[in-house]
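Have a look at the structure below before the remarks.
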Amino acid sequence: MAQHRVARWIVQHCYGAATFVWIVRYLTLGHIPIVQRPIWADWFDQSRYLTSAIALAGGDLSAGAHWYPLAYPLIAAPFVWVMPGDPFVLPDLLLFLIACAGFQRAVGTLGVERGAATLIFSAAAFVQQDVAAAWVNPWTSTLSAALIWWLLAGTIASFDGTAPPLARSRAFVLGALAGALPLVRPVDALVSLTCLAAAGGAVVLHRRLTPAAMLATLVGGLAVCVPYGLLHLAIYGPHPSAYMIAAAQTGFVPGDLGWKAHVLLVDPRPWFPGTASILETLPWIVPGAAGLIAFGIVEPGRARAILALLAIVAVPVSALVLSYVDLQPPGLWRFCNIHYFKWLFPLFGVGILLWWRLLETTRGQGALAGAMLALLLPLGIRIDPVAVAADVPARMLFFRGDRQRDWQDAYFAQATVSDGSGVQANVRDFHQVPDADGERAVAVRRLFGADPRRSDPSEPGGGVRGQRPYARYGQRITFGLP
């Protein structure tokens with residue numbers, strides 16, 4: 001009886017516990033509301049969120065006041081009147097709880113109890129400091145995480161073949177969630193399309209699709225997108241925003257996904273010194289993924305369909321984000337770019353829970369062993385630098401430079417490298433990274449060709465023009481122990 005009372009108490013107070021953990025992390029990561037100026041006030045992204053939220057609260061629709069997509073600043077705008085110095089603190093807490101509630105609903109269909117889901121969500125969000133910072137500091141991904149998990153929960157609900165025809169209210173909400181996601185982060189349009197296709201396929205398969213539900217889904221999407229479009233027209237006119245133009249110029253390089261995934265997920269140090277990969281920092285992702293895969297193998301029916309949905313949502317959008325040119329290993333932790341993936345981490349926590357459940361059966365143990373082997377083998381692949389001749393395309397170039405140069409100044413410098421194929425710009429086409437003897441240039445859009453020359457007007461000592469590298473490296477693939 002005592003155990004049941006404790007279990008009921010945890011379930012009844014799970015949101016209170018999650019709120020307490022969020023506040024503790026908020027305070028321990030350097031925030032003292034009202035008394036202290038936000039630690040993020042001068043950061044590039046956050047300062048622009050704040051400017052936009054304040055402008056929206058005051059009715060300022062000048063294009064110069066708004067940089068990023070407007071959905072996240074719109075959420076914070078009403079709170080400018082409550083906490084003008086930090087209008088994101090209350091929305092971020094509420095969005096965390098909303099995301100947790102959506103996660104509870106989604107994984108509850110896999111047999112994960114509400115209290116356990118809350119514990120998993122909170123642990124995945126707050127145990128590791130850099131991930132915790134991605135939840136308590138303002139990021140657009142906090143809003144997108146809440147939308148994604150509720151959209152997934154709604155999509156999973158459509159898989160129930162015994163339910164009555166899809167109600168118009170549920171269809172409207174599903175359409176509104178799918179329509180809202182790209183207004184927060186455009187890349188998440190892929191999540192919206194996948195969920196709508198999965199939900200539509202499920203209700204058609206179970207003969208529960210009605211014209212009224214289809215219309216309600218469309219109306220739900222339009223109810224969100226039309227007002228947003230009108231606001232965009234009021235601010236920018238019939239033109240893309242400066243952010244849209246900059247993002248399109250930066251873009252994605254899916255053809256280089258193998259190397260990019262390796263340096264982000266497995267081992268960046270041969271190319272980007274002084275940083276760590278995602279799996280080095282969060283190694284529990286691997287057994288978590290194995291637990292999800294093995295559970296999908298062992299459990300038939302609806303559970304398998306749910307895990308398939310989670311996979312076809314998570315894998316493509318993660319691959320697309322990994323191929324984003326501006327996402328590089330130093331930025332994962334130094335600039336908190338790990339926030340791109342934060343919505344996904346609690347799912348691997350569920351995989352850890354499923355792992356322990358699968359250990360109770362022989363079939364589950366076999367599936368776990370196979371899943372772990374399938375995941376560990378690719379982690380044995382190594383992509384290391386190897387010196388190459390002057391006529392061989394190079395992934396990385398080494399240049400002499402000021403050893404005392406400020407790291408961030410070098411990383412974001414207006415540097416270029418010109419070769420026989422044209423001119424490449426730092427950040428957009430390659431990344432300049434300080435090392436012990438100066439700078440290294442790491443190609444992220446195309447490899448460096450013959451006779452490359454670096455120009456960097458901000459290099460200490462008067463800048464450099466037409467500087468040749470003293471070493472050039474290609475890449476060599478080998479295999480060893482993970």
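For the structure tokens, the naming scheme is as follows: chains receive sequential letters (A, B, ...) according to their order of presentation, residues are indexed from 1 within each chain, and ligands are indexed from 1 in presentation order.
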
- Query: Could you name the residues that touch A:Ala157 at 10 Å or less, counting only C-alpha atoms, but leaving out those on the same chain fewer than 2 positions away, as a list in words?
  - Reply: Arg105, Ala106, Thr109, Leu151, Leu152, Ala153, Gly154, Thr155, Phe159, Asp160, Gly161, Ala163, Leu166, Arg170, Ala199, Ala202 and Ile306 of chain A

Distance query A:Gly331 at most 12 Å, only C-alpha atoms, self and fewer than 4 positions along chain excluded, as a PDB file with N, CA and C atoms, in the first residue's frame:
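Printed below is out38.pdb as written:
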```
ATOM      1  N   ASP A 130      25.056  21.278 -20.591  1.00  0.00           N
ATOM      2  CA  ASP A 130      24.898  21.982 -21.866  1.00  0.00           C
ATOM      3  C   ASP A 130      23.512  21.783 -22.459  1.00  0.00           C
ATOM      4  N   LEU A 264      30.412  15.232 -35.946  1.00  0.00           N
ATOM      5  CA  LEU A 264      29.433  15.717 -34.967  1.00  0.00           C
ATOM      6  C   LEU A 264      29.047  14.645 -33.964  1.00  0.00           C
ATOM      7  N   PRO A 268      35.317  14.587 -33.370  1.00  0.00           N
ATOM      8  CA  PRO A 268      35.686  15.776 -34.143  1.00  0.00           C
ATOM      9  C   PRO A 268      37.148  16.191 -34.005  1.00  0.00           C
ATOM     10  N   PHE A 272      38.665  19.353 -35.574  1.00  0.00           N
ATOM     11  CA  PHE A 272      38.307  20.505 -34.749  1.00  0.00           C
ATOM     12  C   PHE A 272      38.842  20.268 -33.333  1.00  0.00           C
ATOM     13  N   GLY A 274      39.914  20.502 -29.402  1.00  0.00           N
ATOM     14  CA  GLY A 274      39.347  21.128 -28.208  1.00  0.00           C
ATOM     15  C   GLY A 274      37.857  21.025 -28.066  1.00  0.00           C
ATOM     16  N   THR A 275      37.213  20.083 -28.757  1.00  0.00           N
ATOM     17  CA  THR A 275      35.775  19.927 -28.606  1.00  0.00           C
ATOM     18  C   THR A 275      35.444  18.444 -28.501  1.00  0.00           C
ATOM     19  N   ALA A 276      34.193  18.127 -28.291  1.00  0.00           N
ATOM     20  CA  ALA A 276      33.760  16.743 -28.116  1.00  0.00           C
ATOM     21  C   ALA A 276      32.525  16.489 -28.964  1.00  0.00           C
ATOM     22  N   SER A 277      32.298  15.223 -29.278  1.00  0.00           N
ATOM     23  CA  SER A 277      31.147  14.857 -30.098  1.00  0.00           C
ATOM     24  C   SER A 277      29.900  14.692 -29.234  1.00  0.00           C
ATOM     25  N   ILE A 278      28.770  14.503 -29.901  1.00  0.00           N
ATOM     26  CA  ILE A 278      27.505  14.295 -29.191  1.00  0.00           C
ATOM     27  C   ILE A 278      27.538  12.981 -28.413  1.00  0.00           C
ATOM     28  N   VAL A 325      25.156  23.581 -43.009  1.00  0.00           N
ATOM     29  CA  VAL A 325      26.538  24.039 -43.139  1.00  0.00           C
ATOM     30  C   VAL A 325      27.052  24.703 -41.861  1.00  0.00           C
ATOM     31  N   ASP A 326      26.212  25.495 -41.217  1.00  0.00           N
ATOM     32  CA  ASP A 326      26.683  26.261 -40.072  1.00  0.00           C
ATOM     33  C   ASP A 326      26.758  25.433 -38.788  1.00  0.00           C
ATOM     34  N   LEU A 327      26.276  24.194 -38.808  1.00  0.00           N
ATOM     35  CA  LEU A 327      26.374  23.334 -37.622  1.00  0.00           C
ATOM     36  C   LEU A 327      27.709  22.605 -37.668  1.00  0.00           C
ATOM     37  N   PHE A 335      28.398  27.316 -28.508  1.00  0.00           N
ATOM     38  CA  PHE A 335      27.272  28.182 -28.860  1.00  0.00           C
ATOM     39  C   PHE A 335      25.928  27.478 -28.675  1.00  0.00           C
ATOM     40  N   CYS A 336      25.934  26.353 -27.975  1.00  0.00           N
ATOM     41  CA  CYS A 336      24.713  25.633 -27.610  1.00  0.00           C
ATOM     42  C   CYS A 336      23.886  25.184 -28.812  1.00  0.00           C
ATOM     43  N   ASN A 337      24.564  24.867 -29.921  1.00  0.00           N
ATOM     44  CA  ASN A 337      23.820  24.359 -31.071  1.00  0.00           C
ATOM     45  C   ASN A 337      23.229  22.977 -30.834  1.00  0.00           C
ATOM     46  N   ILE A 338      23.563  22.365 -29.708  1.00  0.00           N
ATOM     47  CA  ILE A 338      22.952  21.092 -29.351  1.00  0.00           C
ATOM     48  C   ILE A 338      21.435  21.249 -29.182  1.00  0.00           C
ATOM     49  N   HIS A 339      20.983  22.487 -29.062  1.00  0.00           N
ATOM     50  CA  HIS A 339      19.542  22.709 -28.887  1.00  0.00           C
ATOM     51  C   HIS A 339      18.734  22.217 -30.094  1.00  0.00           C
ATOM     52  N   TYR A 340      19.372  22.089 -31.275  1.00  0.00           N
ATOM     53  CA  TYR A 340      18.666  21.563 -32.436  1.00  0.00           C
ATOM     54  C   TYR A 340      18.063  20.183 -32.159  1.00  0.00           C
ATOM     55  N   GLN A 408      37.117  33.311 -30.873  1.00  0.00           N
ATOM     56  CA  GLN A 408      35.872  33.649 -31.552  1.00  0.00           C
ATOM     57  C   GLN A 408      36.114  34.608 -32.707  1.00  0.00           C
ATOM     58  N   TYR A 411      37.256  32.429 -35.527  1.00  0.00           N
ATOM     59  CA  TYR A 411      36.229  31.506 -35.987  1.00  0.00           C
ATOM     60  C   TYR A 411      35.205  32.193 -36.888  1.00  0.00           C
ATOM     61  N   PHE A 412      34.894  33.448 -36.580  1.00  0.00           N
ATOM     62  CA  PHE A 412      33.886  34.175 -37.353  1.00  0.00           C
ATOM     63  C   PHE A 412      34.483  35.245 -38.260  1.00  0.00           C
ATOM     64  N   VAL A 427      32.713  30.426 -42.707  1.00  0.00           N
ATOM     65  CA  VAL A 427      31.416  30.109 -42.135  1.00  0.00           C
ATOM     66  C   VAL A 427      30.482  29.537 -43.205  1.00  0.00           C
ATOM     67  N   HIS A 431      35.261  26.518 -42.531  1.00  0.00           N
ATOM     68  CA  HIS A 431      35.345  27.102 -41.199  1.00  0.00           C
ATOM     69  C   HIS A 431      36.804  27.275 -40.806  1.00  0.00           C
ATOM     70  N   VAL A 433      39.444  27.685 -37.978  1.00  0.00           N
ATOM     71  CA  VAL A 433      39.519  27.240 -36.593  1.00  0.00           C
ATOM     72  C   VAL A 433      40.929  27.494 -36.068  1.00  0.00           C
TER      73      VAL A 433
END
```

- Item | Selected residue of minimal separation from A:Phe121 among A:Cys14, A:Trp139, A:Ser455, A:Ser158, counting only C-alpha atoms |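 Smallest distance to A:Phe121 is found for A:Cys14.
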
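Distances to A:Ala132 were evaluated for A:Arg472, A:Arg207, A:His31, A:Arg25 using only C-alpha atoms, and the minimum falls at A:Arg25.
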
- What is the distance between atom CA of A:Arg395 and atom CA of A:Val317, in Å to one decimal?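 So the answer is 25.7 Å.
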
Within 7 Å of stretch 54-57 of chain A, which residues of stretch 65-117 of chain A come that close, and what is the closest atom pair and distance in Å for each? Count only C-alpha atoms and give it as a Markdown table.
```
| residue | atom | partner | partner_atom | distance |
| --- | --- | --- | --- | --- |
| A:Ala65 | CA | A:Ala55 | CA | 6.4 |
| A:Leu74 | CA | A:Leu56 | CA | 6.9 |
| A:Ala77 | CA | A:Ala57 | CA | 4.9 |
| A:Pro78 | CA | A:Ala57 | CA | 6.4 |
| A:Val80 | CA | A:Ile54 | CA | 6.3 |
```

- Task: Rank nothing, just name the residue among A:Phe20, A:Phe430, A:Trp355, A:Tyr68 nearest to A:Leu292, using only C-alpha atoms.
- Result: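 Under the stated criterion, the closest residue is A:Trp355.
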
- atom CA of A:Ile297 to atom CA of A:Pro378, distance in Å rounded to a single decimal: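 Atom-to-atom, atom CA of A:Ile297 to atom CA of A:Pro378, that is 20.1 Å.
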
- Once DSSP has gone over the backbone, tell me which residues of stretch 31-215 of chain A are in helix (DSSP H, G or I), as number ranges by chain. A: 44-57, 63-65, 71-81, 89-108, 114-126, 129-136, 140-157, 168-184, 186-205, 211-215

Would you mind listing what lies within 10 Å of A:Asp256 as a PDB file with N, CA, C and O atoms, in the first residue's frame, with only C-alpha atoms counted and same-chain residues fewer than 5 positions away left out?
```pdb
ATOM      1  N   ALA A 261      28.425  13.752 -40.193  1.00  0.00           N
ATOM      2  CA  ALA A 261      27.864  12.967 -39.095  1.00  0.00           C
ATOM      3  C   ALA A 261      28.970  12.414 -38.208  1.00  0.00           C
ATOM      4  O   ALA A 261      28.833  12.359 -36.978  1.00  0.00           O
ATOM      5  N   LEU A 322      21.970  17.709 -39.411  1.00  0.00           N
ATOM      6  CA  LEU A 322      23.401  17.394 -39.417  1.00  0.00           C
ATOM      7  C   LEU A 322      24.092  17.937 -40.662  1.00  0.00           C
ATOM      8  O   LEU A 322      25.275  18.297 -40.618  1.00  0.00           O
ATOM      9  N   SER A 323      23.373  18.007 -41.770  1.00  0.00           N
ATOM     10  CA  SER A 323      23.977  18.493 -43.015  1.00  0.00           C
ATOM     11  C   SER A 323      23.967  20.012 -43.131  1.00  0.00           C
ATOM     12  O   SER A 323      24.459  20.553 -44.127  1.00  0.00           O
ATOM     13  N   VAL A 325      25.156  23.581 -43.009  1.00  0.00           N
ATOM     14  CA  VAL A 325      26.538  24.039 -43.139  1.00  0.00           C
ATOM     15  C   VAL A 325      27.052  24.703 -41.861  1.00  0.00           C
ATOM     16  O   VAL A 325      28.185  24.477 -41.437  1.00  0.00           O
ATOM     17  N   VAL A 444      33.675  22.725 -45.644  1.00  0.00           N
ATOM     18  CA  VAL A 444      32.356  22.217 -45.259  1.00  0.00           C
ATOM     19  C   VAL A 444      31.363  22.239 -46.422  1.00  0.00           C
ATOM     20  O   VAL A 444      30.283  21.653 -46.304  1.00  0.00           O
ATOM     21  N   ARG A 445      31.715  22.882 -47.526  1.00  0.00           N
ATOM     22  CA  ARG A 445      30.817  22.861 -48.683  1.00  0.00           C
ATOM     23  C   ARG A 445      31.430  22.094 -49.849  1.00  0.00           C
ATOM     24  O   ARG A 445      30.768  21.288 -50.492  1.00  0.00           O
ATOM     25  N   ARG A 446      32.673  22.351 -50.168  1.00  0.00           N
ATOM     26  CA  ARG A 446      33.404  21.574 -51.176  1.00  0.00           C
ATOM     27  C   ARG A 446      34.867  21.525 -50.752  1.00  0.00           C
ATOM     28  O   ARG A 446      35.328  22.353 -49.960  1.00  0.00           O
TER      29      ARG A 446
END
```

- Could you check which of A:Leu344, A:Leu230, A:Ala450, A:Val388 is closest to A:Ala99, using only C-alpha atoms? A:Leu344
